[in-house]
$ cat my_file-v1.cif   # mmCIF, C-alpha atoms
data_final
#
loop_
_atom_site.label_atom_id
_atom_site.label_comp_id
_atom_site.auth_asym_id
_atom_site.auth_seq_id
_atom_site.Cartn_x
_atom_site.Cartn_y
_atom_site.Cartn_z
CA MET A 1 -10.88 17.63 12.96
CA THR A 2 -14.04 15.80 13.93
CA ARG A 3 -14.40 12.02 13.72
CA GLU A 4 -16.52 12.47 10.59
CA GLU A 5 -13.89 14.69 8.95
CA ILE A 6 -11.15 12.19 9.80
CA GLY A 7 -13.19 9.34 8.36
CA GLN A 8 -13.84 11.31 5.19
CA ALA A 9 -10.14 12.21 4.92
CA VAL A 10 -9.22 8.52 5.12
CA VAL A 11 -11.83 7.64 2.50
CA ASP A 12 -10.55 10.44 0.24
CA ILE A 13 -7.01 9.08 0.51
CA ILE A 14 -8.22 5.55 -0.23
CA GLU A 15 -10.10 6.83 -3.29
CA ASP A 16 -6.91 8.53 -4.50
CA VAL A 17 -4.85 5.36 -3.98
CA LEU A 18 -7.54 3.01 -5.37
CA PRO A 19 -9.43 5.07 -7.97
CA ASP A 20 -11.16 1.97 -9.41
CA ASP A 21 -12.64 0.85 -6.08
CA ASP A 22 -16.03 2.05 -4.84
CA CYS A 23 -15.72 3.47 -1.33
CA SER A 24 -19.31 4.68 -1.07
CA ASN A 25 -20.53 1.61 0.82
CA LEU A 26 -17.60 0.92 3.14
CA ASP A 27 -18.59 -0.75 6.38
CA PRO A 28 -16.57 1.12 9.01
CA GLY A 29 -16.33 -1.97 11.23
CA VAL A 30 -15.04 -4.41 8.60
CA ALA A 31 -11.38 -4.74 7.61
CA LEU A 32 -10.56 -2.52 4.65
CA ARG A 33 -8.65 -5.36 2.97
CA ASP A 34 -11.83 -7.46 3.04
CA GLN A 35 -13.80 -4.73 1.27
CA LEU A 36 -11.27 -3.32 -1.19
CA ASP A 37 -8.62 -4.54 -3.60
CA LEU A 38 -5.99 -3.34 -1.14
CA ASP A 39 -2.50 -4.84 -1.19
CA SER A 40 0.47 -4.02 1.01
CA MET A 41 1.83 -1.37 -1.38
CA ASP A 42 -1.56 0.35 -1.49
CA PHE A 43 -1.64 0.33 2.31
CA LEU A 44 1.82 1.93 2.42
CA ASP A 45 0.61 4.56 -0.05
CA ILE A 46 -2.25 5.38 2.32
CA VAL A 47 0.15 5.69 5.26
CA MET A 48 2.45 7.92 3.19
CA GLU A 49 -0.47 10.16 2.21
CA LEU A 50 -1.47 10.52 5.86
CA ARG A 51 2.04 11.73 6.57
CA LYS A 52 2.18 14.02 3.54
CA GLN A 53 -1.27 15.58 3.93
CA TYR A 54 -1.63 15.67 7.71
CA GLY A 55 1.85 15.24 9.17
CA VAL A 56 0.88 11.99 10.89
CA GLU A 57 3.70 9.47 11.33
CA VAL A 58 2.46 5.90 11.68
CA PRO A 59 5.22 3.58 12.94
CA GLU A 60 5.20 0.16 11.28
CA GLU A 61 4.35 -1.59 14.56
CA GLU A 62 1.12 0.44 14.70
CA TYR A 63 -0.11 -0.52 11.21
CA PRO A 64 -2.50 -3.11 12.74
CA LYS A 65 -4.37 -0.19 14.32
CA LEU A 66 -5.44 0.88 10.81
CA VAL A 67 -7.38 -2.26 9.88
CA THR A 68 -10.91 -0.83 9.66
CA LEU A 69 -12.22 2.64 8.95
CA ASN A 70 -13.35 2.87 12.60
CA SER A 71 -9.92 1.86 13.89
CA CYS A 72 -8.28 4.40 11.56
CA VAL A 73 -10.47 7.15 13.01
CA ASP A 74 -9.80 5.96 16.58
CA TYR A 75 -6.06 5.98 15.93
CA LEU A 76 -5.96 9.30 14.08
CA GLU A 77 -8.42 11.29 16.23
CA PRO A 78 -5.94 12.28 18.98
CA LYS A 79 -3.28 13.04 16.38
CA LEU A 80 -5.57 15.28 14.29
CA LYS A 81 -7.76 16.91 16.94
CA ASN A 82 -6.00 20.28 16.58
CA LYS A 83 -5.81 20.25 12.78
#
$ encode --input "my_file-v1.cif" --output "structure tokens"
Amino acid sequence: MTREEIGQAVVDIIEDVLPDDDCSNLDPGVALRDQLDLDSMDFLDIVMELRKQYGVEVPEEEYPKLVTLNSCVDYLEPKLKNK
């Protein structure tokens, strides 16, 4: 997957988890929690969807690497490059 495809996949998952939030104007460099009505359960739902849809395991100690859309892409890129 390309960086753009990974970013879109993350946005698609966020839109599924938070159907009432508008993800069309997300700033990729700003914390997702600052832009969306995202609580800890929603975040866990996103992590679970990454595992379910793409087979990516995110250990709890690495959750801070998923703060912004850019950091999500940076973290996921090596894990999804052959998908």
$ residues_around --input "my_file-v1.cif" --residues "Ser71 in chain A" --least-positions-apart "2" --cutoff "12 Å" --atoms "all atoms listed in the file" --output "PyMOL selection string"
chain A and resi 3+6-7+10+27-32+62-69+73-77
$ atom_distance --input "my_file-v1.cif" --atom1 "CA of Asp21 in chain A" --atom2 "CA of Arg51 in chain A"
22.2 Å
$ atom_distance --input "my_file-v1.cif" --atom1 "CA of Asp12 in chain A" --atom2 "CA of Pro59 in chain A"
21.4 Å
$ resolve_selection --input "my_file-v1.cif" --expression "the PyMOL selection byres ((chain A and resi 37-46) around 12)" --output "PyMOL selection string"
chain A and resi 9-23+31-36+47-54+56-60+63-64+66-68+72
$ closest_residue --input "my_file-v1.cif" --among "A:Glu4, A:Asn70, A:Glu61, A:Lys79" --to "Leu26 in chain A" --atoms "all atoms listed in the file"
A:Asn70
$ axis_aligned_box --input "my_file-v1.cif" --around "range 29-38 of chain A" --padding-each-side "8 Å" --output "JSON"
{"center_x": -11.2, "center_y": -4.7, "center_z": 3.8, "size_x": 26.3, "size_y": 21.5, "size_z": 30.8}
